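The file run.txt contains compact mmCIF, C-alpha atoms and all ligand atoms:
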```
# COMPACT_ATOMS: atom_id res chain seq x y z
CA MET A 1 -74.86 -52.41 -82.89
CA ILE A 2 -71.54 -51.30 -84.34
CA ASP A 3 -70.99 -48.00 -86.11
CA GLY A 4 -69.87 -48.00 -89.72
CA GLY A 5 -66.37 -48.35 -91.04
CA LEU A 6 -63.98 -51.25 -91.26
CA TRP A 7 -63.68 -53.75 -88.42
CA HIS A 8 -61.34 -56.67 -87.84
CA THR A 9 -62.94 -59.60 -86.02
CA ASP A 10 -60.35 -61.93 -84.54
CA ASP A 11 -60.87 -65.65 -84.97
CA PRO A 12 -61.79 -66.83 -81.48
CA GLU A 13 -59.47 -68.52 -79.01
CA VAL A 14 -62.63 -69.94 -77.52
CA PRO A 15 -65.78 -70.23 -79.65
CA SER A 16 -67.90 -67.93 -77.50
CA GLN A 17 -65.74 -64.80 -77.46
CA ARG A 18 -64.41 -62.63 -80.27
CA VAL A 19 -62.33 -59.47 -80.12
CA MET A 20 -63.19 -56.73 -82.63
CA LEU A 21 -60.99 -53.79 -83.54
CA GLN A 22 -61.92 -50.81 -85.66
CA VAL A 23 -59.54 -50.43 -88.59
CA ARG A 24 -58.33 -47.19 -90.14
CA GLU A 25 -56.58 -48.79 -93.10
CA GLU A 26 -55.47 -52.14 -94.42
CA LEU A 27 -51.75 -51.73 -95.14
CA TYR A 28 -50.88 -55.23 -96.34
CA ARG A 29 -52.63 -58.51 -97.13
CA ARG A 30 -51.15 -61.54 -98.81
CA ARG A 31 -51.40 -65.30 -98.62
CA SER A 32 -47.94 -66.82 -98.17
CA GLN A 33 -47.05 -70.48 -98.54
CA PHE A 34 -47.83 -70.88 -94.83
CA GLN A 35 -50.55 -68.46 -93.80
CA GLU A 36 -52.69 -65.40 -94.53
CA ILE A 37 -50.71 -62.30 -93.49
CA ALA A 38 -52.32 -58.92 -92.86
CA ILE A 39 -51.08 -55.67 -91.35
CA LEU A 40 -53.86 -53.35 -90.28
CA ASP A 41 -53.75 -49.82 -88.92
CA THR A 42 -56.24 -50.04 -86.05
CA VAL A 43 -57.83 -47.06 -84.34
CA LEU A 44 -57.07 -48.17 -80.77
CA PHE A 45 -53.84 -50.19 -80.94
CA GLY A 46 -52.02 -48.71 -83.93
CA ARG A 47 -50.56 -51.04 -86.54
CA ALA A 48 -51.15 -54.72 -85.89
CA LEU A 49 -49.88 -57.98 -87.41
CA ILE A 50 -52.66 -60.48 -88.10
CA LEU A 51 -51.91 -64.08 -89.11
CA ASN A 52 -54.75 -66.36 -90.23
CA ASN A 53 -57.15 -63.74 -88.88
CA ILE A 54 -55.65 -63.81 -85.35
CA LEU A 55 -53.95 -60.74 -83.93
CA GLN A 56 -50.28 -61.42 -83.13
CA THR A 57 -48.99 -58.10 -81.92
CA ALA A 58 -49.92 -54.42 -82.02
CA GLU A 59 -47.89 -51.24 -81.70
CA ARG A 60 -49.61 -49.83 -78.64
CA ASP A 61 -49.11 -52.73 -76.25
CA GLU A 62 -46.45 -54.95 -77.83
CA PHE A 63 -44.05 -53.91 -75.06
CA CYS A 64 -46.28 -55.60 -72.46
CA TYR A 65 -45.71 -58.86 -74.31
CA HIS A 66 -42.18 -58.63 -75.73
CA GLU A 67 -40.44 -57.16 -72.67
CA MET A 68 -42.01 -59.85 -70.52
CA LEU A 69 -41.27 -62.65 -72.98
CA VAL A 70 -37.58 -61.72 -73.22
CA HIS A 71 -36.22 -59.92 -70.15
CA PRO A 72 -37.12 -62.35 -67.32
CA ALA A 73 -35.12 -65.22 -68.86
CA MET A 74 -32.34 -62.98 -70.22
CA LEU A 75 -31.85 -61.25 -66.88
CA ALA A 76 -32.09 -64.47 -64.87
CA HIS A 77 -29.03 -65.62 -66.85
CA PRO A 78 -25.77 -64.02 -65.65
CA ALA A 79 -24.27 -63.66 -69.14
CA PRO A 80 -26.37 -64.84 -72.09
CA ARG A 81 -24.10 -64.83 -75.15
CA ARG A 82 -25.95 -67.01 -77.66
CA VAL A 83 -29.70 -66.83 -78.02
CA LEU A 84 -32.19 -68.71 -80.20
CA ILE A 85 -35.58 -67.24 -81.16
CA ILE A 86 -38.09 -69.56 -82.81
CA GLY A 87 -40.84 -67.69 -84.67
CA GLY A 88 -41.09 -64.03 -83.69
CA GLY A 89 -41.26 -62.74 -87.27
CA ASP A 90 -42.40 -59.26 -86.20
CA GLY A 91 -38.99 -58.63 -84.61
CA GLY A 92 -40.31 -57.38 -81.25
CA ALA A 93 -38.62 -60.17 -79.28
CA LEU A 94 -35.45 -59.83 -81.36
CA ARG A 95 -35.23 -56.12 -80.57
CA ARG A 96 -35.40 -56.84 -76.80
CA VAL A 97 -32.81 -59.63 -77.00
CA LEU A 98 -30.41 -57.29 -78.81
CA GLU A 99 -30.61 -54.82 -75.92
CA HIS A 100 -28.44 -57.34 -74.06
CA PRO A 101 -24.74 -57.64 -74.94
CA VAL A 102 -25.18 -60.93 -76.79
CA GLU A 103 -22.70 -62.30 -79.32
CA ARG A 104 -25.21 -63.88 -81.67
CA VAL A 105 -28.94 -64.31 -82.03
CA THR A 106 -30.16 -67.13 -84.25
CA MET A 107 -33.74 -66.56 -85.35
CA VAL A 108 -35.59 -69.45 -86.98
CA GLU A 109 -38.76 -68.13 -88.58
CA ILE A 110 -40.75 -70.27 -91.00
CA ASP A 111 -42.19 -67.47 -93.12
CA ARG A 112 -39.95 -65.03 -95.00
CA GLU A 113 -42.99 -63.01 -96.05
CA VAL A 114 -43.96 -62.24 -92.44
CA VAL A 115 -40.51 -60.76 -91.84
CA GLU A 116 -40.60 -58.78 -95.08
CA ALA A 117 -44.05 -57.36 -94.31
CA CYS A 118 -43.10 -56.48 -90.71
CA ARG A 119 -39.78 -54.94 -91.76
CA GLU A 120 -41.67 -52.59 -94.02
CA HIS A 121 -44.76 -51.80 -91.96
CA LEU A 122 -43.88 -52.34 -88.28
CA PRO A 123 -40.62 -50.44 -87.58
CA ALA A 124 -42.10 -49.23 -84.29
CA ILE A 125 -42.12 -52.85 -83.13
CA HIS A 126 -38.79 -54.19 -84.47
CA GLY A 127 -36.84 -50.92 -84.22
CA ASN A 128 -34.65 -51.99 -87.17
CA ALA A 129 -33.34 -54.97 -85.19
CA PHE A 130 -33.22 -56.97 -88.44
CA ASP A 131 -30.21 -54.86 -89.53
CA ASP A 132 -28.12 -55.86 -86.51
CA PRO A 133 -24.94 -57.73 -87.53
CA ARG A 134 -25.34 -60.10 -84.56
CA LEU A 135 -28.47 -61.59 -86.16
CA ASP A 136 -28.34 -64.95 -87.94
CA LEU A 137 -31.80 -65.13 -89.56
CA ARG A 138 -32.92 -68.46 -91.03
CA PHE A 139 -36.17 -69.21 -92.80
CA GLU A 140 -36.86 -72.74 -91.61
CA ASP A 141 -39.39 -74.70 -89.61
CA GLY A 142 -38.50 -74.27 -85.93
CA PHE A 143 -39.60 -77.81 -85.10
CA ALA A 144 -37.27 -79.33 -87.73
CA TYR A 145 -34.44 -77.05 -86.59
CA VAL A 146 -34.79 -78.20 -82.99
CA GLU A 147 -35.11 -81.84 -84.03
CA ALA A 148 -31.67 -81.58 -85.66
CA ARG A 149 -30.21 -80.00 -82.45
CA PRO A 150 -27.47 -78.17 -84.39
CA GLU A 151 -25.97 -76.28 -81.43
CA LYS A 152 -26.54 -75.10 -77.85
CA PHE A 153 -27.81 -71.78 -76.55
CA ASP A 154 -27.86 -69.84 -73.28
CA VAL A 155 -31.45 -68.70 -73.80
CA ILE A 156 -34.11 -70.10 -76.15
CA ILE A 157 -37.26 -68.05 -76.80
CA VAL A 158 -40.26 -69.64 -78.50
CA ASP A 159 -42.47 -66.89 -79.91
CA GLY A 160 -44.92 -68.89 -81.96
CA PRO A 161 -48.56 -68.21 -82.82
CA ASP A 162 -51.57 -69.60 -80.98
CA PRO A 163 -51.94 -73.33 -81.59
CA ILE A 164 -55.40 -72.73 -83.01
CA GLY A 165 -56.67 -73.73 -86.41
CA PRO A 166 -54.43 -74.65 -89.34
CA THR A 167 -51.19 -72.88 -88.39
CA PRO A 168 -47.60 -73.99 -88.93
CA GLY A 169 -47.05 -73.08 -85.26
CA THR A 170 -49.04 -76.00 -83.77
CA VAL A 171 -45.90 -78.19 -83.87
CA LEU A 172 -44.22 -75.72 -81.50
CA PHE A 173 -46.60 -76.98 -78.77
CA ALA A 174 -46.14 -80.69 -79.46
CA ARG A 175 -44.70 -82.86 -76.68
CA ASP A 176 -41.80 -84.02 -78.92
CA PHE A 177 -40.58 -80.44 -79.31
CA TYR A 178 -39.54 -80.01 -75.67
CA ARG A 179 -36.91 -82.78 -75.40
CA GLY A 180 -35.03 -81.07 -78.24
CA LEU A 181 -35.27 -77.66 -76.54
CA ALA A 182 -33.86 -79.11 -73.30
CA ASP A 183 -31.00 -80.81 -75.19
CA MET A 184 -30.09 -77.50 -76.83
CA LEU A 185 -29.63 -75.61 -73.56
CA GLU A 186 -26.12 -74.78 -72.37
CA ASP A 187 -25.40 -75.32 -68.66
CA GLY A 188 -27.40 -72.71 -66.75
CA GLY A 189 -29.53 -72.02 -69.84
CA LEU A 190 -33.21 -71.11 -69.88
CA VAL A 191 -36.02 -71.69 -72.35
CA VAL A 192 -39.17 -69.54 -72.39
CA GLN A 193 -42.34 -69.91 -74.42
CA GLN A 194 -45.53 -67.88 -74.77
CA THR A 195 -48.22 -70.11 -73.25
CA GLU A 196 -51.53 -68.47 -74.07
CA SER A 197 -54.30 -66.95 -72.00
CA PRO A 198 -54.54 -68.70 -68.63
CA MET A 199 -58.16 -67.56 -68.36
CA LEU A 200 -59.39 -68.63 -71.81
CA LEU A 201 -57.08 -71.58 -72.47
CA PRO A 202 -55.75 -72.79 -69.09
CA ALA A 203 -55.42 -76.34 -70.43
CA GLN A 204 -52.93 -75.09 -73.04
CA THR A 205 -50.92 -73.22 -70.40
CA ALA A 206 -50.88 -76.35 -68.24
CA ALA A 207 -49.98 -78.63 -71.17
CA THR A 208 -46.80 -76.67 -71.92
CA HIS A 209 -45.99 -76.51 -68.21
CA LEU A 210 -46.25 -80.31 -68.05
CA HIS A 211 -44.25 -80.90 -71.24
CA LEU A 212 -41.46 -78.72 -69.88
CA ARG A 213 -41.64 -80.45 -66.48
CA ASP A 214 -41.03 -83.77 -68.28
CA VAL A 215 -37.66 -82.54 -69.53
CA LEU A 216 -36.42 -79.87 -67.08
CA PRO A 217 -36.63 -79.72 -63.27
CA ILE A 218 -37.34 -76.01 -62.79
CA VAL A 219 -40.50 -74.79 -64.52
CA ARG A 220 -42.23 -71.49 -63.76
CA THR A 221 -45.28 -69.90 -65.34
CA TYR A 222 -45.68 -66.14 -65.06
CA LEU A 223 -48.11 -63.48 -66.24
CA THR A 224 -48.31 -60.23 -68.11
CA HIS A 225 -51.28 -58.22 -69.35
CA VAL A 226 -51.81 -57.62 -73.06
CA GLN A 227 -54.98 -55.65 -73.68
CA SER A 228 -55.10 -56.34 -77.43
CA TYR A 229 -55.16 -60.07 -76.59
CA ASP A 230 -58.05 -59.21 -74.26
CA GLY A 231 -56.31 -59.59 -70.92
CA TRP A 232 -53.88 -61.82 -69.08
CA TRP A 233 -51.17 -63.63 -70.97
CA SER A 234 -48.87 -66.36 -69.69
CA PHE A 235 -45.28 -67.37 -70.37
CA THR A 236 -43.55 -70.49 -69.12
CA VAL A 237 -39.80 -70.57 -68.47
CA ALA A 238 -37.72 -73.63 -67.60
CA SER A 239 -34.15 -74.50 -66.75
CA ARG A 240 -31.95 -77.23 -65.28
CA THR A 241 -30.37 -75.00 -62.64
CA THR A 242 -31.67 -71.42 -62.73
CA ASP A 243 -34.90 -70.41 -61.03
CA PRO A 244 -35.88 -67.06 -62.58
CA ALA A 245 -38.49 -66.52 -59.86
CA ALA A 246 -35.79 -66.58 -57.18
CA VAL A 247 -33.28 -64.10 -58.60
CA GLU A 248 -32.85 -61.26 -56.09
CA LEU A 249 -34.16 -57.80 -56.97
CA ASP A 250 -30.75 -56.18 -56.57
CA VAL A 251 -29.16 -58.76 -58.88
CA LEU A 252 -31.76 -58.05 -61.57
CA ALA A 253 -31.31 -54.29 -61.13
CA GLN A 254 -27.53 -54.59 -61.31
CA ARG A 255 -27.69 -56.69 -64.48
CA MET A 256 -30.02 -54.13 -66.08
CA ARG A 257 -27.56 -51.33 -65.22
CA GLU A 258 -24.53 -53.27 -66.44
CA ARG A 259 -26.25 -54.14 -69.73
CA GLY A 260 -27.61 -50.60 -70.24
CA ILE A 261 -31.23 -51.74 -70.31
CA ASP A 262 -33.03 -48.53 -69.46
CA GLN A 263 -35.82 -48.26 -72.04
CA CYS A 264 -38.37 -50.63 -70.47
CA ARG A 265 -41.97 -49.51 -70.18
CA TYR A 266 -43.37 -52.65 -68.52
CA TYR A 267 -40.50 -54.72 -67.16
CA SER A 268 -38.75 -53.86 -63.90
CA PRO A 269 -37.11 -56.12 -61.30
CA GLU A 270 -40.21 -55.66 -59.10
CA VAL A 271 -42.56 -56.55 -61.98
CA HIS A 272 -40.33 -59.58 -62.69
CA ARG A 273 -40.70 -60.88 -59.12
CA GLY A 274 -44.40 -60.09 -58.97
CA ALA A 275 -45.17 -61.77 -62.30
CA PHE A 276 -44.30 -65.16 -60.83
CA GLU A 277 -46.83 -64.69 -57.98
CA LEU A 278 -49.76 -66.43 -59.63
CA PRO A 279 -53.41 -65.91 -58.72
CA VAL A 280 -54.64 -68.75 -56.53
CA PHE A 281 -56.85 -70.38 -59.18
CA LEU A 282 -53.97 -70.64 -61.64
CA ARG A 283 -51.39 -71.80 -59.11
CA ARG A 284 -53.80 -74.55 -57.97
CA TYR A 285 -54.68 -75.48 -61.55
CA LEU A 286 -51.02 -75.90 -62.50
CA GLU A 287 -50.22 -77.80 -59.29
CA GLU A 288 -53.11 -80.18 -59.87
CA SER A 289 -52.45 -80.69 -63.59
N1 LIG B 301 -46.79 -62.73 -80.23
C1 LIG B 301 -47.55 -63.63 -81.02
C2 LIG B 301 -48.71 -64.23 -80.30
O1 LIG B 301 -48.56 -64.84 -79.25
O2 LIG B 301 -49.82 -64.07 -80.77
C3 LIG B 301 -46.70 -64.66 -81.68
C4 LIG B 301 -45.65 -64.05 -82.59
S1 LIG B 301 -45.94 -64.28 -84.30
C5 LIG B 301 -44.80 -63.19 -84.90
C6 LIG B 301 -45.44 -65.94 -84.51
C7 LIG B 301 -44.45 -66.24 -85.61
O3 LIG B 301 -44.13 -67.64 -85.60
C8 LIG B 301 -44.93 -65.91 -87.01
O4 LIG B 301 -44.05 -65.00 -87.59
C9 LIG B 301 -44.94 -67.27 -87.74
O5 LIG B 301 -44.63 -67.16 -89.09
C10 LIG B 301 -43.90 -68.03 -86.95
N2 LIG B 301 -44.03 -69.49 -87.02
C11 LIG B 301 -45.15 -70.23 -87.08
N3 LIG B 301 -44.87 -71.52 -87.12
C12 LIG B 301 -43.52 -71.64 -87.09
C13 LIG B 301 -42.63 -72.74 -87.14
N4 LIG B 301 -43.08 -73.99 -87.21
N5 LIG B 301 -41.30 -72.48 -87.10
C14 LIG B 301 -40.84 -71.19 -87.03
N6 LIG B 301 -41.65 -70.11 -87.01
C15 LIG B 301 -42.97 -70.33 -87.03
```
Reformat the file's structure so that it appears as structure tokens.
Amino acid sequence: MIDGGLWHTDDPEVPSQRVMLQVREELYRRRSQFQEIAILDTVLFGRALILNNILQTAERDEFCYHEMLVHPAMLAHPAPRRVLIIGGGDGGALRRVLEHPVERVTMVEIDREVVEACREHLPAIHGNAFDDPRLDLRFEDGFAYVEARPEKFDVIIVDGPDPIGPTPGTVLFARDFYRGLADMLEDGGLVVQQTESPMLLPAQTAATHLHLRDVLPIVRTYLTHVQSYDGWWSFTVASRTTDPAAVELDVLAQRMRERGIDQCRYYSPEVHRGAFELPVFLRRYLEES
């Protein structure tokens, strides 16, 4: 059924569906202490990072994910100075955070080898953000880092892998993780996490929504579209005082202008507002969870 050549078959999020991508070339493959790391040059999506046989990000549509992971929370905050990223070893989220005039970004990534491989093979995704002097890069377990609550941040971004199979990222979805995240927020701070496909894994999206609701009063789930993940993708953002869904369009536009954020290909103030308007099935599902 499939023509010759090399194909990558993603491990399934649900057992009855698998995404396949035709591969031009395998650029990197290595088993680290934590996971199997591969970087493939795919025909349709360009270079892609694959961890434990699950696609994490790809050149062609990474902006649909990273702009929407980072900018809604960063622009809902009037002046984010200190930011924490947990995971995110490809550097795509880091690059977007550094577009804002932040003082320091602490990035806690468990796997040094993911960063090294991405630095070399995925410059189109990280844009050399790893060389920025504002970056404080630590190779540690994000769960242990948060448990120690070493300092507070204006924005916390959790860019971990899918909690599927044997991955070191499963702990980043555990209930105990969220109390620590809430404790580490400065006044007015926001935390945002990637929360999976609301079509394929709605229970996972709802579980994170509920865990965040246990520790913070304002919790909003919003959507983007990432074709290489096969469709809709959700993020969930939470705060004690700031509702990112309610920030006025002109305020978002003014903050973008003031911060010089003019390179977006997906995010706009209108997309920001619209992303929080959930389809009826998902809104109901989250309300009833
Ligand atoms: N965009 C991706 C997705 O949703 O498919 C996720 C990004 S991928 C770069 C996730 C990163 O989290 C990887 O670099 C991985 O090494 C890192 N990671 C996994 N478990 C972690 C942990 N416990 N602490 C910190 N980083 C972790």
query: What do you get as an NGL selection string if you pick all residues at most 9 Å from ligand LIG 301 (chain B), counting only C-alpha atoms and all ligand atoms?
result: :A and (34-35 or 37 or 49-51 or 54-57 or 62 or 65-66 or 85-93 or 107-115 or 139-145 or 158-162 or 167-172 or 194-196 or 229 or 233)
query: What lies within 10 Å of Arg60 of chain A using all atoms listed in the file, ignoring chain neighbours under 4 positions off, as a PyMOL selection string?
result: chain A and resi 42+44-48+64+124-125+226-228
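Minimum distance to Cys118 of chain A across A:Leu185, A:Leu216, A:Phe63, A:Leu27 (counting all atoms listed in the file) occurs at A:Leu27.
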task: Write out as a PyMOL selection string each polymer residue whose atoms come within 8 Å of Met184 of chain A, counting all atoms listed in the file; drop sequence neighbours fewer than 2 positions from it.
output: chain A and resi 146+149+151-153+180-182+186
task: Dig up all the protein and nucleic acid residues within 10 Å of (-24.8, -73.5, -68.5) in the file frame, using only C-alpha atoms, and format them as an MDAnalysis selection string.
output: chainID A and resid 77:80 152:155 185:190 239:242
- prompt: Which value, in Å to one decimal, gives the distance between atom CA of Ile261 of chain A and atom CA of Asp136 of chain A?
  reply: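 If I compute the distance from atom CA of Ile261 of chain A to atom CA of Asp136 of chain A, I get 22.2 Å.
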task: Between atom CA of Val271 of chain A and atom CA of Glu59 of chain A, measure the distance and give it in Å to one decimal.
output: 21.1 Å
